[in-house]
$ cat model.cif   # mmCIF, C-alpha atoms
data_final
#
loop_
_atom_site.group_PDB
_atom_site.id
_atom_site.type_symbol
_atom_site.label_atom_id
_atom_site.label_comp_id
_atom_site.auth_asym_id
_atom_site.auth_seq_id
_atom_site.Cartn_x
_atom_site.Cartn_y
_atom_site.Cartn_z
ATOM 1 C CA MET A 98 122.520 95.815 110.619
ATOM 2 C CA PRO A 99 119.562 96.279 108.244
ATOM 3 C CA PRO A 100 117.839 93.259 106.699
ATOM 4 C CA SER A 101 119.846 91.498 103.983
ATOM 5 C CA PHE A 102 117.038 91.320 101.396
ATOM 6 C CA VAL A 103 115.302 94.585 100.446
ATOM 7 C CA HIS A 104 112.672 95.105 97.768
ATOM 8 C CA ARG A 105 111.151 98.291 96.438
ATOM 9 C CA ILE A 106 107.488 97.560 95.730
ATOM 10 C CA THR A 107 105.658 99.927 93.400
ATOM 11 C CA LYS A 108 102.848 100.064 90.884
ATOM 12 C CA TYR A 109 105.290 101.594 88.385
ATOM 13 C CA ASP A 110 106.531 99.320 85.589
ATOM 14 C CA PRO A 111 110.366 99.511 85.409
ATOM 15 C CA ALA A 112 110.017 99.527 81.611
ATOM 16 C CA ASP A 113 108.540 103.021 81.952
ATOM 17 C CA ARG A 114 111.621 104.535 83.595
ATOM 18 C CA ASP A 115 114.198 106.715 81.853
ATOM 19 C CA GLU A 116 117.969 106.299 82.021
ATOM 20 C CA HIS A 117 117.994 108.081 85.391
ATOM 21 C CA GLY A 118 115.394 105.756 86.883
ATOM 22 C CA HIS A 119 112.625 108.377 86.821
ATOM 23 C CA TYR A 120 109.143 107.086 86.057
ATOM 24 C CA THR A 121 107.726 108.406 82.776
ATOM 25 C CA GLY A 122 104.511 106.392 82.548
ATOM 26 C CA ALA A 123 100.880 107.324 83.148
ATOM 27 C CA GLN A 124 100.361 105.947 86.672
ATOM 28 C CA ASP A 125 99.011 108.472 89.182
ATOM 29 C CA THR A 126 101.242 109.164 92.189
ATOM 30 C CA ALA A 127 98.240 109.277 94.556
ATOM 31 C CA SER A 128 96.613 106.249 96.146
ATOM 32 C CA ASP A 129 93.526 104.875 94.428
ATOM 33 C CA HIS A 130 92.054 104.047 97.873
ATOM 34 C CA GLY A 131 90.963 100.812 96.240
ATOM 35 C CA PRO A 132 92.329 97.692 94.494
ATOM 36 C CA VAL A 133 95.886 98.964 93.945
ATOM 37 C CA GLU A 134 96.133 100.069 97.554
ATOM 38 C CA ALA A 135 94.796 96.670 98.634
ATOM 39 C CA SER A 136 97.487 95.011 96.510
ATOM 40 C CA TYR A 137 100.201 96.937 98.340
ATOM 41 C CA LEU A 138 98.862 95.756 101.692
ATOM 42 C CA ALA A 139 98.534 92.168 100.475
ATOM 43 C CA ALA A 140 102.119 92.234 99.208
ATOM 44 C CA ILE A 141 103.438 93.490 102.547
ATOM 45 C CA ALA A 142 101.394 90.834 104.338
ATOM 46 C CA ALA A 143 102.951 88.176 102.077
ATOM 47 C CA PHE A 144 106.469 89.326 102.968
ATOM 48 C CA ALA A 145 105.557 89.379 106.677
ATOM 49 C CA GLU A 146 104.161 85.849 106.467
ATOM 50 C CA ALA A 147 107.258 84.621 104.639
ATOM 51 C CA SER A 148 109.358 86.164 107.409
ATOM 52 C CA ASP A 149 107.212 84.741 110.262
ATOM 53 C CA ILE A 150 106.342 88.268 111.405
ATOM 54 C CA ASP A 151 103.016 89.024 113.097
ATOM 55 C CA ARG A 152 103.944 92.063 115.202
ATOM 56 C CA LEU A 153 105.983 95.152 114.332
ATOM 57 C CA GLU A 154 107.474 98.063 116.225
ATOM 58 C CA ILE A 155 106.640 101.683 115.444
ATOM 59 C CA ARG A 156 109.781 103.771 114.996
ATOM 60 C CA GLU A 157 110.146 107.547 114.546
ATOM 61 C CA PRO A 158 106.383 108.230 114.405
ATOM 62 C CA ALA A 159 105.267 111.584 113.031
ATOM 63 C CA VAL A 160 102.100 113.494 112.231
ATOM 64 C CA THR A 161 101.387 116.434 109.948
ATOM 65 C CA GLY A 162 103.387 119.495 110.939
ATOM 66 C CA PHE A 163 103.356 123.189 110.121
ATOM 67 C CA VAL A 164 104.010 122.395 106.447
ATOM 68 C CA HIS A 165 102.462 119.369 104.729
ATOM 69 C CA PHE A 166 104.365 118.022 101.735
ATOM 70 C CA GLY A 167 102.098 115.098 100.871
ATOM 71 C CA VAL A 168 100.500 114.467 97.508
ATOM 72 C CA GLU A 169 97.041 114.307 99.101
ATOM 73 C CA PRO A 170 95.645 116.775 101.658
ATOM 74 C CA PRO A 171 95.963 115.823 105.339
ATOM 75 C CA VAL A 172 92.866 114.669 107.203
ATOM 76 C CA GLU A 173 91.683 115.184 110.748
ATOM 77 C CA GLY A 174 93.333 112.683 113.044
ATOM 78 C CA HIS A 175 96.254 112.151 110.626
ATOM 79 C CA GLY A 176 94.677 108.916 109.366
ATOM 80 C CA LEU A 177 95.033 107.328 112.806
ATOM 81 C CA GLY A 178 91.365 107.432 113.778
ATOM 82 C CA GLY A 179 90.149 104.016 114.848
ATOM 83 C CA LEU A 180 93.722 102.841 115.431
ATOM 84 C CA PHE A 181 94.648 105.120 118.338
ATOM 85 C CA PRO A 182 92.694 107.511 120.595
ATOM 86 C CA PRO A 183 92.644 111.253 119.767
ATOM 87 C CA ASP A 184 95.545 111.932 122.156
ATOM 88 C CA LEU A 185 97.571 109.315 120.196
ATOM 89 C CA THR A 186 98.199 107.132 123.248
ATOM 90 C CA GLY A 187 99.951 104.014 121.986
ATOM 91 C CA TYR A 188 101.368 105.761 118.916
ATOM 92 C CA HIS A 189 104.921 106.365 120.053
ATOM 93 C CA ASP A 190 108.434 105.280 119.290
ATOM 94 C CA GLY A 191 108.913 101.677 120.349
ATOM 95 C CA ALA A 192 105.206 100.800 120.516
ATOM 96 C CA GLU A 193 104.468 97.280 119.300
ATOM 97 C CA VAL A 194 101.437 96.698 117.066
ATOM 98 C CA SER A 195 99.868 93.685 115.394
ATOM 99 C CA LEU A 196 100.341 93.098 111.678
ATOM 100 C CA PRO A 197 96.735 94.198 110.890
ATOM 101 C CA VAL A 198 97.328 97.525 112.686
ATOM 102 C CA ALA A 199 100.680 97.902 110.930
ATOM 103 C CA LEU A 200 98.948 97.418 107.569
ATOM 104 C CA GLU A 201 96.433 100.121 108.469
ATOM 105 C CA LEU A 202 99.336 102.433 109.282
ATOM 106 C CA VAL A 203 100.743 101.668 105.834
ATOM 107 C CA ARG A 204 97.327 102.486 104.342
ATOM 108 C CA ALA A 205 97.361 105.896 106.067
ATOM 109 C CA MET A 206 100.861 106.555 104.751
ATOM 110 C CA LEU A 207 99.962 105.497 101.208
ATOM 111 C CA ARG A 208 97.094 107.966 101.361
ATOM 112 C CA ASP A 209 99.318 110.782 102.709
ATOM 113 C CA GLN A 210 96.810 111.367 105.495
ATOM 114 C CA GLY A 211 99.360 112.885 107.844
ATOM 115 C CA ALA A 212 100.910 110.027 109.816
ATOM 116 C CA TRP A 213 104.288 108.517 109.000
ATOM 117 C CA CYS A 214 106.539 106.020 110.752
ATOM 118 C CA ARG A 215 108.979 103.233 110.151
ATOM 119 C CA LEU A 216 107.724 99.738 110.942
ATOM 120 C CA GLU A 217 110.445 97.374 112.049
ATOM 121 C CA VAL A 218 111.277 94.127 113.824
ATOM 122 C CA GLY A 219 114.870 94.760 114.860
ATOM 123 C CA ASP A 220 117.186 93.801 112.008
ATOM 124 C CA GLU A 221 114.826 91.057 110.815
ATOM 125 C CA PHE A 222 112.065 92.931 108.998
ATOM 126 C CA THR A 223 111.272 96.502 107.959
ATOM 127 C CA VAL A 224 108.525 98.355 106.108
ATOM 128 C CA HIS A 225 109.126 101.921 104.928
ATOM 129 C CA VAL A 226 106.709 104.032 102.886
ATOM 130 C CA GLY A 227 108.201 106.729 100.690
ATOM 131 C CA TRP A 228 106.805 109.412 98.440
ATOM 132 C CA ASP A 229 104.654 108.695 95.383
ATOM 133 C CA GLN A 230 103.514 105.170 96.281
ATOM 134 C CA TYR A 231 106.921 103.613 96.897
ATOM 135 C CA VAL A 232 107.136 100.900 99.563
ATOM 136 C CA TYR A 233 110.371 99.322 100.773
ATOM 137 C CA VAL A 234 110.225 95.925 102.488
ATOM 138 C CA GLY A 235 113.300 94.381 104.055
ATOM 139 C CA SER A 236 113.668 90.872 105.434
ATOM 140 C CA ASN A 237 116.438 88.615 106.631
ATOM 141 C CA ARG A 238 114.967 85.975 104.302
ATOM 142 C CA PRO A 239 114.820 85.985 100.469
ATOM 143 C CA CYS A 240 110.978 85.668 100.497
ATOM 144 C CA ALA A 241 110.828 84.223 96.975
ATOM 145 C CA ASP A 242 107.168 83.259 97.356
ATOM 146 C CA ALA A 243 106.290 86.797 98.512
ATOM 147 C CA VAL A 244 108.117 88.262 95.521
ATOM 148 C CA ALA A 245 106.098 86.009 93.207
ATOM 149 C CA ARG A 246 102.866 86.916 95.014
ATOM 150 C CA THR A 247 103.650 90.634 94.622
ATOM 151 C CA ARG A 248 103.970 90.168 90.867
ATOM 152 C CA GLU A 249 100.674 88.260 90.816
ATOM 153 C CA LEU A 250 99.071 91.275 92.503
ATOM 154 C CA GLY A 251 100.155 93.486 89.602
ATOM 155 C CA LEU A 252 102.950 95.263 91.471
ATOM 156 C CA PHE A 253 106.659 95.380 90.713
ATOM 157 C CA PRO A 254 109.137 94.130 93.356
ATOM 158 C CA GLU A 255 112.651 95.354 92.592
ATOM 159 C CA PRO A 256 115.655 94.205 94.675
ATOM 160 C CA LEU A 257 117.772 96.910 96.296
ATOM 161 C CA THR A 258 120.832 96.913 98.511
ATOM 162 C CA ALA A 259 119.055 99.060 101.134
ATOM 163 C CA SER A 260 115.957 101.145 101.745
ATOM 164 C CA PRO A 261 116.611 104.877 101.274
ATOM 165 C CA TYR A 262 114.469 105.407 104.386
ATOM 166 C CA ALA A 263 116.603 103.154 106.593
ATOM 167 C CA ALA A 264 117.347 104.748 109.954
ATOM 168 C CA GLU A 265 121.050 104.087 109.397
ATOM 169 C CA PHE A 266 121.092 107.025 106.990
ATOM 170 C CA ASP A 267 119.791 109.450 109.649
ATOM 171 C CA GLU A 268 121.929 111.097 112.312
ATOM 172 C CA ALA A 269 120.320 111.797 115.677
ATOM 173 C CA ASP A 270 120.217 115.504 116.533
ATOM 174 C CA VAL A 271 119.765 114.873 120.255
ATOM 175 C CA THR A 272 121.801 112.143 121.924
ATOM 176 C CA GLU A 273 121.612 113.148 125.590
ATOM 177 C CA PRO A 274 119.373 110.913 127.738
ATOM 178 C CA ALA A 275 116.843 112.530 130.057
ATOM 179 C CA ASP A 276 118.266 110.573 132.978
ATOM 180 C CA GLU A 277 118.897 111.625 136.570
ATOM 181 C CA ASP A 278 121.874 113.752 135.488
ATOM 182 C CA PHE A 279 119.564 115.706 133.182
ATOM 183 C CA TRP A 280 117.008 116.361 135.926
ATOM 184 C CA THR A 281 119.827 117.277 138.321
ATOM 185 C CA ARG A 282 120.727 120.080 135.892
ATOM 186 C CA VAL A 283 117.100 121.182 135.601
ATOM 187 C CA ARG A 284 116.542 121.548 139.351
ATOM 188 C CA PRO A 285 119.011 124.456 139.889
ATOM 189 C CA LEU A 286 117.460 126.266 136.916
ATOM 190 C CA LEU A 287 114.066 125.900 138.553
ATOM 191 C CA ALA A 288 115.430 127.052 141.890
ATOM 192 C CA SER A 289 116.821 130.232 140.312
ATOM 193 C CA ARG A 290 113.937 130.993 137.933
ATOM 194 C CA GLN A 291 111.067 129.464 139.980
ATOM 195 C CA THR A 292 109.239 128.310 136.835
ATOM 196 C CA LEU A 293 110.242 126.933 133.434
ATOM 197 C CA LEU A 294 108.457 125.525 130.387
ATOM 198 C CA LEU A 295 108.924 121.913 129.385
ATOM 199 C CA GLU A 296 108.121 120.940 125.806
ATOM 200 C CA GLU A 297 107.283 117.238 125.583
ATOM 201 C CA THR A 298 107.451 116.156 121.941
ATOM 202 C CA TYR A 299 105.834 112.736 122.053
ATOM 203 C CA VAL A 300 105.791 112.209 118.277
ATOM 204 C CA ARG A 301 107.330 114.369 115.605
ATOM 205 C CA ASN A 302 105.282 117.557 115.076
ATOM 206 C CA ALA A 303 103.134 116.960 118.182
ATOM 207 C CA ALA A 304 103.950 118.319 121.626
ATOM 208 C CA ARG A 305 102.505 118.933 125.066
ATOM 209 C CA TRP A 306 103.626 121.873 127.195
ATOM 210 C CA HIS A 307 104.102 121.881 130.950
ATOM 211 C CA ARG A 308 104.917 124.686 133.383
ATOM 212 C CA LEU A 309 107.568 123.277 135.679
ATOM 213 C CA THR A 310 108.104 124.158 139.313
ATOM 214 C CA LEU A 311 110.132 122.423 141.983
ATOM 215 C CA GLU A 312 106.842 121.364 143.538
ATOM 216 C CA ASN A 313 105.342 119.692 140.426
ATOM 217 C CA LEU A 314 108.528 118.418 138.777
ATOM 218 C CA ASP A 315 108.155 114.805 139.933
ATOM 219 C CA THR A 316 104.468 114.737 138.988
ATOM 220 C CA VAL A 317 105.182 116.028 135.491
ATOM 221 C CA ARG A 318 108.026 113.527 135.064
ATOM 222 C CA ALA A 319 105.737 110.643 135.986
ATOM 223 C CA GLY A 320 103.268 111.564 133.226
ATOM 224 C CA LEU A 321 105.698 111.969 130.315
ATOM 225 C CA GLY A 322 105.226 109.766 127.257
ATOM 226 C CA PRO A 323 107.662 106.987 126.328
ATOM 227 C CA ARG A 324 110.833 108.067 124.525
ATOM 228 C CA ALA A 325 109.674 111.694 124.363
ATOM 229 C CA LEU A 326 111.996 114.508 123.326
ATOM 230 C CA LEU A 327 112.175 116.997 126.213
ATOM 231 C CA THR A 328 113.148 120.634 125.690
ATOM 232 C CA VAL A 329 113.384 123.197 128.483
ATOM 233 C CA TRP A 330 112.423 126.816 127.729
ATOM 234 C CA PRO A 331 112.164 130.038 129.739
ATOM 235 C CA ASP A 332 108.754 130.579 131.305
ATOM 236 C CA LEU A 333 105.865 132.570 129.858
ATOM 237 C CA THR A 334 105.646 136.266 130.659
ATOM 238 C CA PRO A 335 102.451 137.835 132.072
ATOM 239 C CA ASP A 336 102.787 140.890 129.787
ATOM 240 C CA VAL A 337 101.022 139.375 126.770
ATOM 241 C CA GLY A 338 100.799 142.753 125.026
ATOM 242 C CA ALA A 339 104.548 143.186 125.143
ATOM 243 C CA VAL A 340 105.074 139.729 123.653
ATOM 244 C CA LEU A 341 102.689 140.545 120.794
ATOM 245 C CA ALA A 342 104.372 143.896 120.172
ATOM 246 C CA ALA A 343 107.801 142.266 119.959
ATOM 247 C CA LEU A 344 106.874 139.739 117.273
ATOM 248 C CA PRO A 345 109.240 139.916 114.278
ATOM 249 C CA GLU A 346 108.200 141.917 111.245
ATOM 250 C CA GLU A 347 108.860 138.950 108.971
ATOM 251 C CA GLY A 348 109.042 135.194 109.340
ATOM 252 C CA SER A 349 107.370 132.673 111.618
ATOM 253 C CA VAL A 350 107.466 132.005 115.348
ATOM 254 C CA GLU A 351 105.882 129.518 117.702
ATOM 255 C CA PHE A 352 103.526 131.455 119.974
ATOM 256 C CA LEU A 353 102.543 129.997 123.349
ATOM 257 C CA TRP A 354 99.898 131.293 125.712
ATOM 258 C CA GLU A 355 98.234 130.247 128.946
ATOM 259 C CA GLY A 356 94.457 130.530 128.966
ATOM 260 C CA GLN A 357 92.238 131.400 131.884
ATOM 261 C CA ASP A 358 91.791 127.661 132.437
ATOM 262 C CA GLY A 359 95.543 127.273 133.001
ATOM 263 C CA LEU A 360 96.088 125.220 129.842
ATOM 264 C CA ILE A 361 98.979 126.124 127.543
ATOM 265 C CA SER A 362 98.203 126.358 123.832
ATOM 266 C CA HIS A 363 100.588 126.931 120.955
ATOM 267 C CA ALA A 364 100.491 127.858 117.285
ATOM 268 C CA ILE A 365 103.026 128.627 114.583
ATOM 269 C CA VAL A 366 102.198 132.000 113.046
ATOM 270 C CA ASP A 367 103.754 134.422 110.596
ATOM 271 C CA ASP A 368 103.473 138.180 110.159
ATOM 272 C CA THR A 369 100.255 137.868 108.145
ATOM 273 C CA GLU A 370 98.451 136.265 111.107
ATOM 274 C CA TYR A 371 99.310 138.627 113.968
ATOM 275 C CA ARG A 372 95.956 140.428 114.012
ATOM 276 C CA GLU A 373 94.056 137.145 114.183
ATOM 277 C CA LEU A 374 96.492 135.892 116.836
ATOM 278 C CA ALA A 375 95.927 138.952 119.038
ATOM 279 C CA ALA A 376 92.183 138.306 118.999
ATOM 280 C CA ARG A 377 92.706 134.615 119.672
ATOM 281 C CA VAL A 378 94.828 135.171 122.785
ATOM 282 C CA ALA A 379 92.753 138.016 124.243
ATOM 283 C CA GLY A 380 92.414 137.360 127.951
ATOM 284 C CA ALA A 381 95.445 135.065 128.121
ATOM 285 C CA ARG A 382 97.273 135.052 131.449
ATOM 286 C CA ALA A 383 100.777 134.839 129.969
ATOM 287 C CA ALA A 384 102.566 134.204 126.691
ATOM 288 C CA CYS A 385 105.880 133.921 124.911
ATOM 289 C CA ALA A 386 107.195 133.658 121.349
ATOM 290 C CA LEU A 387 109.794 131.023 120.544
ATOM 291 C CA PRO A 388 112.079 131.335 117.512
ATOM 292 C CA LEU A 389 112.149 128.555 114.956
ATOM 293 C CA ASP A 390 115.386 126.830 113.942
ATOM 294 C CA GLU A 391 117.700 128.693 116.296
ATOM 295 C CA PRO A 392 120.223 127.251 118.776
ATOM 296 C CA HIS A 393 118.626 126.308 122.073
ATOM 297 C CA PRO A 394 120.407 127.509 125.244
ATOM 298 C CA LEU A 395 118.626 125.325 127.823
ATOM 299 C CA PRO A 396 118.725 121.525 128.332
ATOM 300 C CA CYS A 397 117.307 119.195 125.697
ATOM 301 C CA ALA A 398 117.266 115.411 126.076
ATOM 302 C CA VAL A 399 115.375 112.221 125.212
ATOM 303 C CA LEU A 400 113.671 109.878 127.658
ATOM 304 C CA PRO A 401 115.483 106.534 127.854
ATOM 305 C CA ASP A 402 113.697 103.232 128.327
ATOM 306 C CA SER A 403 113.131 101.798 131.787
ATOM 307 C CA ASP A 404 116.458 99.943 131.563
ATOM 308 C CA GLY A 405 118.275 103.255 131.093
ATOM 309 C CA VAL A 406 119.088 102.701 127.412
ATOM 310 C CA LEU A 407 118.366 105.520 124.976
ATOM 311 C CA ARG A 408 116.782 103.912 121.904
ATOM 312 C CA ALA A 409 114.725 106.751 120.410
ATOM 313 C CA ARG A 410 116.269 108.541 117.446
ATOM 314 C CA TRP A 411 115.501 112.267 117.482
#

$ encode --input "model.cif" --output "structure tokens"
Amino acid sequence: MPPSFVHRITKYDPADRDEHGHYTGAQDTASDHGPVEASYLAAIAAFAEASDIDRLEIREPAVTGFVHFGVEPPVEGHGLGGLFPPDLTGYHDGAEVSLPVALELVRAMLRDQGAWCRLEVGDEFTVHVGWDQYVYVGSNRPCADAVARTRELGLFPEPLTASPYAAEFDEADVTEPADEDFWTRVRPLLASRQTLLLEETYVRNAARWHRLTLENLDTVRAGLGPRALLTVWPDLTPDVGAVLAALPEEGSVEFLWEGQDGLISHAIVDDTEYRELAARVAGARAACALPLDEPHPLPCAVLPDSDGVLRARW
């Protein structure tokens, strides 16, 4: 169950909304990176204090993908620099962070710098950041003092029945756990094909690629990130020229290639970028092109927690 008391916190005066609830005033939808932004963070901190919350859990973390819809341009590191290392270790579904780190994550989301996540403490407390400087805070307590403090900060706390970004409104696309049954199905595929590709999506829009063999399967499994989405694909082909020649005349594909160093790289490209792509992958050992948004014929599953329970929502 979501928290009982939910407030939408914005810098937009409700008096400046039309009959449909759309804002018609002069406030900018981008962050001011200054006093207004600081007021948002102070308001969230007030609700956390009123709820006795000092640590929050990261849920459904994401970074900038192929298309960025934010009001402000994305930045290198997705706004997570200084909070997490470049490989984003520690930024994963289920990771617990202190309130100060959670507030910095909110700052990055307010600035549309590329990172997004839900911040939650079970059904006790939630913080969701929406588009255009909307923040939704839920608590299992009324938080009257925090509501008053938010008004003092010049923001507008409006009670709602639920946050529109609550996970309850999302349906998981993948519900199979990557348990022993999953790996038991992968092993015969490896035995028949000798090698496969494993896509390890550790946060939304960020993935690592592994070439699987029967010999390295256990090693790869041991290094997978918590709650990762795992997708099995056919292996790369050594005829890179044939893969390039077979690219579709229109649309986008995800192109993968193995460099001379053995590392697998990937990029989403469309028909206007094929010439540049061919130069970029010159000398590659192998490659393949994966279609976007098409049914996937091979196994796809999500890593459960150590107790065997699947908690990630993909």

$ residues_around --input "model.cif" --residues "stretch 379-383 of chain A" --least-positions-apart "3" --cutoff "6 Å" --atoms "all atoms listed in the file" --output "PyMOL selection string"
chain A and resi 333-335+337+354-356+376

$ resolve_selection --input "model.cif" --expression "the PyMOL selection byres ((chain A and resi 200) around 12)" --output "PyMOL selection string"
chain A and resi 134-145+151-153+155+177+180+194-199+201-207+214-216+224-226+232

$ atom_distance --input "model.cif" --atom1 "atom CA of A:Val234" --atom2 "atom CA of A:Leu250"
15.7 Å

$ resolve_selection --input "model.cif" --expression "the PyMOL selection byres ((chain A and resi 220) around 10)" --output "short mmCIF file (atom, residue, chain, number, x, y, z; two decimals) with C-alpha atoms, in the coordinates of the input"
data_model
loop_
_atom_site.label_atom_id
_atom_site.label_comp_id
_atom_site.auth_asym_id
_atom_site.auth_seq_id
_atom_site.Cartn_x
_atom_site.Cartn_y
_atom_site.Cartn_z
CA MET A 98 122.52 95.82 110.62
CA PRO A 99 119.56 96.28 108.24
CA PRO A 100 117.84 93.26 106.70
CA SER A 101 119.85 91.50 103.98
CA GLU A 217 110.44 97.37 112.05
CA VAL A 218 111.28 94.13 113.82
CA GLY A 219 114.87 94.76 114.86
CA GLU A 221 114.83 91.06 110.82
CA PHE A 222 112.06 92.93 109.00
CA THR A 223 111.27 96.50 107.96
CA GLY A 235 113.30 94.38 104.06
CA SER A 236 113.67 90.87 105.43
CA ASN A 237 116.44 88.62 106.63
#

$ resolve_selection --input "model.cif" --expression "the PyMOL selection byres ((chain A and resi 312) around 12)" --output "ChimeraX atom specification"
/A:284,287-288,291-292,308-311,313-318

$ closest_residue --input "model.cif" --among "A:Ala319, A:Leu344, A:Tyr120, A:Asp270" --to "A:Pro392" --atoms "all atoms listed in the file"
A:Asp270

$ atom_distance --input "model.cif" --atom1 "atom CA of A:Asp278" --atom2 "atom CA of A:Asp190"
22.7 Å

$ atom_distance --input "model.cif" --atom1 "atom CA of A:Thr126" --atom2 "atom CA of A:His175"
19.3 Å
